[in-house]
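Below: the structure, in structure tokens.
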Amino acid sequence: MTILRALPIFEMLDDACLKPLTRVATLRSIPRHTAVLHAGDRTDNIYFVLSGALKVQISDDEGREVILSMLGPGELFGEMGVLDDHPRSATVLAVEASEVVVIGKADFKQCLVENPDVSLFIMRNLTKRLRLADRNIESLALLDVYGRVARLLLEAAETVDGRLVVMHKMSKQDIAKMIGASREMVSRVMRDLTAQGLIQEADGQLILVDLAVFRRHGDAAATN
């Protein structure tokens, strides 16, 4: 029960509502670079990230990949297939060793029926995902690569001790796949940001130094 209580989606439930879920929830450890599920798989479970980092990606027949999002502790995936009973729309891969809580589709559907707060949480999560998709479309249409990198770093950053920090390491290749650019162009932009003193790297984390500059680049439309 303690593990489920640590997840934001369940923290509002009282013990009586949470207890049935503890009987059906399982804890699964995912090694680094291991796929949790694949696009096209049958939907059987919903997953809640307890620790680690994972990426949601799609690919074509030629092996080209696009990263749709990065997931960290407290986030969930697989809920769309639970709600509409369609096959998985994307592949989820562990970027680092991770732990996830797994609940079967039927059990989670019953939880939604019995707990309106959990249903509302799912609705808010899907709305957040839709807004993110809209932002990504806007970035591709209106921003140059510099602006797309800046916006991505801003949205990935967390406030730690008064500083904006990108906690989970993202490779330049992953950034390129997330913003629709080449790795070479992303490397050039990152070098430029570092040379200007706008980002600093420490212990695998990126610190955003000048927030005002990042916001200007993250919101500016491309002029060329």
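Identifiers in this document derive from the order of the structure tokens: chains are assigned A, B, ..., residues are numbered from 1 separately in each chain, and ligands are numbered from 1 in order of occurrence.
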Contacts of Ala35 of chain A within 7 Å, only C-alpha atoms, excl. fewer than 6 positions in-chain, as a PDB file with N, CA and C atoms, in the first residue's frame:
ATOM      1  N   VAL A  92       7.486   1.780 -25.516  1.00  0.00           N
ATOM      2  CA  VAL A  92       8.046   2.427 -24.325  1.00  0.00           C
ATOM      3  C   VAL A  92       9.311   1.690 -23.926  1.00  0.00           C
ATOM      4  N   LEU A  93      10.413   2.431 -23.823  1.00  0.00           N
ATOM      5  CA  LEU A  93      11.743   1.861 -23.588  1.00  0.00           C
ATOM      6  C   LEU A  93      12.372   2.521 -22.371  1.00  0.00           C
ATOM      7  N   ALA A  94      12.990   1.724 -21.509  1.00  0.00           N
ATOM      8  CA  ALA A  94      13.664   2.263 -20.324  1.00  0.00           C
ATOM      9  C   ALA A  94      14.982   2.922 -20.733  1.00  0.00           C
TER      10      ALA A  94
END
Neighbours of Leu18 of chain A within 12 Å (only C-alpha atoms; same-chain residues fewer than 2 positions away dropped), as a PyMOL selection string? chain A and resi 1-7+9-16+20-25+108+111+114-115+118
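Using only C-alpha atoms, the nearest neighbour of Leu208 of chain A within the list A:Asp134, A:Glu96, A:Glu79, A:Glu158 is A:Glu158.
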Those in segment 44-166 of chain A with alpha helix (DSSP H) from DSSP, as number ranges by chain: A: 79-84, 105-114, 116-142, 145-156
Could you save the residues just selected, with C-alpha atoms, as a short mmCIF file (atom, residue, chain, number, x, y, z; two decimals), in the first residue's frame?
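Below is the file result31.cif, written as the result:
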data_model
loop_
_atom_site.label_atom_id
_atom_site.label_comp_id
_atom_site.auth_asym_id
_atom_site.auth_seq_id
_atom_site.Cartn_x
_atom_site.Cartn_y
_atom_site.Cartn_z
CA GLU A 79 -3.92 4.37 -20.19
CA MET A 80 -5.14 5.13 -23.72
CA GLY A 81 -5.30 1.45 -24.63
CA VAL A 82 -7.07 0.70 -21.37
CA LEU A 83 -9.76 3.26 -22.18
CA ASP A 84 -10.35 2.50 -25.87
CA LYS A 105 -6.79 -3.44 -17.51
CA ALA A 106 -9.95 -4.88 -15.98
CA ASP A 107 -8.86 -4.07 -12.44
CA PHE A 108 -7.98 -0.49 -13.35
CA LYS A 109 -11.27 0.02 -15.19
CA GLN A 110 -13.06 -1.06 -12.02
CA CYS A 111 -10.97 1.45 -10.08
CA LEU A 112 -12.09 4.21 -12.46
CA VAL A 113 -15.75 3.29 -11.96
CA GLU A 114 -15.45 3.31 -8.18
CA PRO A 116 -14.13 9.56 -9.62
CA ASP A 117 -10.95 11.30 -8.42
CA VAL A 118 -8.82 8.72 -10.22
CA SER A 119 -10.93 9.16 -13.37
CA LEU A 120 -10.42 12.91 -13.13
CA PHE A 121 -6.67 12.42 -12.76
CA ILE A 122 -6.63 10.32 -15.96
CA MET A 123 -8.62 12.99 -17.80
CA ARG A 124 -6.20 15.68 -16.68
CA ASN A 125 -3.24 13.53 -17.72
CA LEU A 126 -4.69 12.99 -21.19
CA THR A 127 -5.43 16.71 -21.50
CA LYS A 128 -1.83 17.47 -20.55
CA ARG A 129 -0.63 15.05 -23.21
CA LEU A 130 -2.87 16.68 -25.81
CA ARG A 131 -1.57 20.14 -24.93
CA LEU A 132 2.00 18.83 -25.24
CA ALA A 133 1.19 17.40 -28.67
CA ASP A 134 -0.24 20.79 -29.71
CA ARG A 135 2.94 22.50 -28.48
CA ASN A 136 5.10 20.08 -30.43
CA ILE A 137 3.14 20.72 -33.62
CA GLU A 138 3.45 24.45 -33.03
CA SER A 139 7.21 24.15 -32.50
CA LEU A 140 7.70 22.18 -35.70
CA ALA A 141 5.65 24.69 -37.67
CA LEU A 142 6.86 27.97 -36.20
CA VAL A 145 15.92 24.43 -34.28
CA TYR A 146 17.38 26.85 -31.72
CA GLY A 147 13.89 27.69 -30.50
CA ARG A 148 12.82 24.04 -30.44
CA VAL A 149 15.83 23.03 -28.33
CA ALA A 150 15.24 25.93 -25.94
CA ARG A 151 11.56 25.09 -25.53
CA LEU A 152 12.29 21.39 -24.99
CA LEU A 153 14.87 22.11 -22.27
CA LEU A 154 12.52 24.56 -20.57
CA GLU A 155 9.68 22.05 -20.50
CA ALA A 156 11.96 19.25 -19.26
#
For the strand (DSSP E or B) assignment from backbone DSSP, which residues of segment 20-64 of chain A qualify? Please present them as a PyMOL selection string. chain A and resi 26-30+35-37+45-51+54-59
Kindly save the residues from that selection, with C-alpha atoms included, as an mmCIF file, in the first residue's frame.
data_model
loop_
_atom_site.group_PDB
_atom_site.id
_atom_site.type_symbol
_atom_site.label_atom_id
_atom_site.label_comp_id
_atom_site.auth_asym_id
_atom_site.auth_seq_id
_atom_site.Cartn_x
_atom_site.Cartn_y
_atom_site.Cartn_z
ATOM 1 C CA THR A 26 2.654 -5.861 -9.110
ATOM 2 C CA LEU A 27 6.084 -4.249 -9.008
ATOM 3 C CA ARG A 28 8.281 -4.768 -12.058
ATOM 4 C CA SER A 29 11.953 -3.872 -12.483
ATOM 5 C CA ILE A 30 12.968 -2.798 -16.000
ATOM 6 C CA ALA A 35 11.281 -2.290 -23.913
ATOM 7 C CA VAL A 36 8.305 -2.429 -21.546
ATOM 8 C CA LEU A 37 5.823 -2.680 -24.396
ATOM 9 C CA ASN A 45 -2.063 -3.408 -18.372
ATOM 10 C CA ILE A 46 -1.519 0.162 -17.281
ATOM 11 C CA TYR A 47 1.888 1.208 -15.900
ATOM 12 C CA PHE A 48 2.908 3.733 -13.242
ATOM 13 C CA VAL A 49 6.533 4.883 -13.035
ATOM 14 C CA LEU A 50 7.959 4.525 -9.545
ATOM 15 C CA SER A 51 11.606 5.297 -10.374
ATOM 16 C CA LEU A 54 11.562 5.879 -19.919
ATOM 17 C CA LYS A 55 10.899 7.190 -23.407
ATOM 18 C CA VAL A 56 7.814 6.805 -25.567
ATOM 19 C CA GLN A 57 8.694 6.432 -29.237
ATOM 20 C CA ILE A 58 7.349 5.439 -32.637
ATOM 21 C CA SER A 59 9.265 4.270 -35.702
#
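Residues lying within 9 Å of Asp85 of chain A, counting only C-alpha atoms and ignoring same-chain neighbours fewer than 5 positions away, are Arg42, Thr43, Asp44 and Met80 of chain A.
Minimum atom-to-atom distance to Ile67 of chain A, evaluated using only C-alpha atoms, belongs to A:Ala181 out of A:Ala181, A:Leu198, A:Ile103, A:Met190.
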Find the spatial neighbours of Glu201 of chain A, counting only C-alpha atoms, within a cut-off of 12 Å - ignore same-chain residues fewer than 3 positions away - and output them as a ChimeraX atom specification. /A:165-170,190-191,193-195,197-198,204-209
